Amino acid sequence: MTFEIREFILLHITMSGAENTGGNRELDVFFKVEYSGFTPRQESWVKNSIRKIGLPTQNLRRVVYLGNDIDGREDWLGHWQRRNFDETHRGELALYKNLEDPNLPEIAHLETMVHELAHANSPLRPENSYNYGGEKNRQRFEHLSREVARQTKATKVFLNPYHAHLYQKLQSGEIDDDVFVEEIQAILVELRVTNPNHLRQVEAAQIRKMIMRGLGSSVSFFDGVSDALVNLYKHGGNPDIKGRVELEQHILKVRNGFGAIPASQREPSFLQVA
Ligand SMILES: [Zn+2]
């Protein structure tokens with residue numbers, strides 16, 4: 001079925017649904033996320049995983065499984081692409097890595113999903129302010145991400161190997177500063193959920209270096225990332241997450257649900273873009 005026809009049907013159901021059932025039925029239909037490329041078992045695992053993570057999914061239009069044999073993308077883990085699907089800001093979240101590979105633990109897929117969901121809710125896009133509970137909250141996280149970019153350039157202390165790789169691309173002019181910051185915010189969210197201890201260590205190492213080398217004013221970011229996540233949860237469908245305490249409990253539950261294995265025990269896989 002072509003997109004246009006399917007979209008027409010969706011809208012049609014939306015409108016008749018509004019008349020017949022009332023409530024949020026029309027929204028449920030309109031915001032339905034399309035899954036493609038998965039076996040039924042994989043689809044239900046991914047759906048369940050995204051639900052467990054609990055980040056806002058209003059911007060998700062499609063989730064696709066691409067596999068990692070696409071030419072030139074062998075190292076990709078995932079992508080987020082905004083498409084002009086229906087002139088909204090919704091887009092496509094793709095997973096590349098083998099979901100059945102016993103050598104690739106579930107936590108690796110968790111990292112990818114959180115990272116891409118962070119892109120889907122990017123603070124660099126003003127239209128996402130509603131998901132942060134307002135423009136001020138969105139701007140605060142955008143500003144923080146830019147500050148981390150500044151501190152990274154000054155210290156050369158990176159959040160993870162992918163971050164270091166992006167810095168090389170920034171230096172060689174392959175990406176611009178906005179792309180660098182966009183990736184940083186996604187890495188911050190990813191690490192806050194999957195490896196908070198590591199995030200704290202990087203924060204401490206950056207600040208230490210800023211002070212010892214006299215590199216200018218240093219910035220703490222751990223709590224700011226936590227607050228951005230609280231905002232995303234609180235305003236994006238998880239009102240029970242009211243503050244950092246509830247955030248910590250939720251994140252712990254998510255990580256335990258994915259059989260967390262420390263990133264240090266895995267192959268460093270870091271090349272993914274978009
Ligand atoms: Zn990314």
# chains A, B, ... in the order shown; residues from 1 in each chain; ligands from 1
$ residues_near_ligand --ligand "ligand 1" --cutoff "10 Å" --atoms "only C-alpha atoms and all ligand atoms" --output "MDAnalysis selection string"
chainID A and resid 76:80 112 114:120 162:163 166 179:180 182:187 190 270:274
$ select_by_dssp --residues "segment 57-231 of chain A" --states "helix (DSSP H, G or I)" --output "PyMOL selection string"
chain A and resi 106-120+126-132+135-155+161-171+177-194+196-212+222-231
$ write_last_selection --atoms "C-alpha atoms" --output "short mmCIF file (atom, residue, chain, number, x, y, z; two decimals), in the first residue's frame"
data_model
loop_
_atom_site.label_atom_id
_atom_site.label_comp_id
_atom_site.auth_asym_id
_atom_site.auth_seq_id
_atom_site.Cartn_x
_atom_site.Cartn_y
_atom_site.Cartn_z
CA GLU A 106 20.23 -6.69 25.30
CA ILE A 107 21.83 -3.69 26.98
CA ALA A 108 23.47 -2.81 23.65
CA HIS A 109 20.05 -2.56 22.04
CA LEU A 110 18.84 -0.57 25.04
CA GLU A 111 21.66 1.93 24.44
CA THR A 112 20.73 2.28 20.79
CA MET A 113 17.03 2.69 21.49
CA VAL A 114 17.58 5.30 24.20
CA HIS A 115 20.06 7.17 21.99
CA GLU A 116 17.66 7.31 19.05
CA LEU A 117 14.71 8.23 21.27
CA ALA A 118 16.84 11.11 22.56
CA HIS A 119 17.24 12.30 18.96
CA ALA A 120 13.48 11.92 18.49
CA PRO A 126 11.91 24.18 19.29
CA GLU A 127 8.92 22.10 18.23
CA ASN A 128 9.90 19.58 20.91
CA SER A 129 9.45 22.07 23.73
CA TYR A 130 6.07 20.56 24.68
CA ASN A 131 7.82 17.30 25.54
CA TYR A 132 10.05 19.11 28.02
CA GLU A 135 10.32 26.21 25.98
CA LYS A 136 12.44 27.23 28.97
CA ASN A 137 13.11 23.59 29.92
CA ARG A 138 13.98 22.71 26.34
CA GLN A 139 16.35 25.66 26.05
CA ARG A 140 18.00 24.75 29.33
CA PHE A 141 18.92 21.29 28.00
CA GLU A 142 20.03 22.69 24.64
CA HIS A 143 22.27 25.17 26.45
CA LEU A 144 23.68 22.44 28.67
CA SER A 145 24.48 20.25 25.63
CA ARG A 146 26.31 23.20 24.02
CA GLU A 147 28.24 23.74 27.24
CA VAL A 148 29.30 20.08 27.24
CA ALA A 149 30.43 20.53 23.63
CA ARG A 150 32.52 23.53 24.68
CA GLN A 151 33.99 21.66 27.65
CA THR A 152 34.75 18.64 25.49
CA LYS A 153 36.66 20.74 22.96
CA ALA A 154 38.65 22.35 25.77
CA THR A 155 39.48 19.14 27.65
CA PRO A 161 34.44 6.40 21.78
CA TYR A 162 31.64 7.58 19.49
CA HIS A 163 31.92 11.05 20.99
CA ALA A 164 35.69 11.03 20.31
CA HIS A 165 35.00 9.89 16.75
CA LEU A 166 32.54 12.76 16.28
CA TYR A 167 35.13 15.22 17.53
CA GLN A 168 37.49 14.01 14.78
CA LYS A 169 34.73 14.55 12.23
CA LEU A 170 34.12 18.03 13.62
CA GLN A 171 37.82 18.84 13.33
CA ASP A 177 28.81 22.21 15.49
CA ASP A 178 25.05 21.67 15.58
CA VAL A 179 25.45 18.01 14.58
CA PHE A 180 28.14 17.65 17.23
CA VAL A 181 25.82 19.12 19.89
CA GLU A 182 22.86 17.06 18.67
CA GLU A 183 24.89 13.89 19.11
CA ILE A 184 26.17 15.03 22.49
CA GLN A 185 22.66 15.46 23.88
CA ALA A 186 21.77 11.95 22.65
CA ILE A 187 24.92 10.47 24.21
CA LEU A 188 24.22 12.28 27.49
CA VAL A 189 20.71 10.83 27.65
CA GLU A 190 21.95 7.39 26.58
CA LEU A 191 24.63 7.27 29.27
CA ARG A 192 22.38 8.76 31.96
CA VAL A 193 20.06 5.81 31.44
CA THR A 194 22.48 2.98 30.68
CA PRO A 196 25.27 6.77 35.00
CA ASN A 197 28.46 5.97 36.91
CA HIS A 198 30.48 6.40 33.76
CA LEU A 199 28.72 9.71 33.06
CA ARG A 200 29.64 10.97 36.53
CA GLN A 201 33.27 9.93 35.99
CA VAL A 202 33.49 11.80 32.69
CA GLU A 203 31.94 14.86 34.31
CA ALA A 204 34.49 14.75 37.14
CA ALA A 205 37.40 14.21 34.73
CA GLN A 206 36.35 17.13 32.53
CA ILE A 207 35.90 19.50 35.45
CA ARG A 208 39.24 18.45 36.98
CA LYS A 209 41.01 19.16 33.72
CA MET A 210 39.25 22.51 33.24
CA ILE A 211 40.39 23.64 36.67
CA MET A 212 43.92 22.20 36.68
CA PHE A 222 24.99 15.22 35.39
CA ASP A 223 22.14 16.80 37.34
CA GLY A 224 21.09 18.89 34.34
CA VAL A 225 20.78 15.77 32.21
CA SER A 226 18.78 14.14 35.02
CA ASP A 227 16.41 17.12 35.12
CA ALA A 228 16.00 17.07 31.33
CA LEU A 229 15.04 13.39 31.58
CA VAL A 230 12.63 14.07 34.43
CA ASN A 231 10.99 16.73 32.25
#
$ atom_distance --atom1 "atom CA of Arg62 of chain A" --atom2 "atom CA of Glu92 of chain A"
4.7 Å
$ residues_around --residues "Thr39 of chain A" --least-positions-apart "6" --cutoff "12 Å" --atoms "only C-alpha atoms" --output "list in words"
Trp45, Val46, Lys47, Val64, Tyr65, Leu99 and Glu100 of chain A
$ write_last_selection --atoms "N, CA and C atoms" --output "compact mmCIF listing (two decimals), in the first residue's frame"
# COMPACT_ATOMS: atom_id res chain seq x y z
N TRP A 45 9.24 -7.77 21.04
CA TRP A 45 10.34 -7.44 21.97
C TRP A 45 10.70 -5.95 21.89
N VAL A 46 10.81 -5.44 20.67
CA VAL A 46 11.20 -4.03 20.49
C VAL A 46 10.10 -3.10 21.01
N LYS A 47 8.85 -3.44 20.68
CA LYS A 47 7.72 -2.64 21.17
C LYS A 47 7.74 -2.56 22.69
N VAL A 64 11.99 0.66 12.22
CA VAL A 64 12.39 -0.34 11.23
C VAL A 64 13.63 -1.11 11.67
N TYR A 65 13.69 -2.35 11.22
CA TYR A 65 14.85 -3.19 11.48
C TYR A 65 15.57 -3.34 10.15
N LEU A 99 19.30 -8.60 16.21
CA LEU A 99 18.59 -8.71 17.48
C LEU A 99 18.70 -10.10 18.10
N GLU A 100 19.17 -11.05 17.30
CA GLU A 100 19.24 -12.43 17.78
C GLU A 100 20.67 -12.86 18.10
$ select_by_dssp --residues "segment 11-218 of chain A" --states "strand (DSSP E or B)" --output "ChimeraX atom specification"
/A:34-36,60-65,78-82,91-95
$ atom_distance --atom1 "atom CA of Lys234 of chain A" --atom2 "atom CA of Gly133 of chain A"
7.9 Å
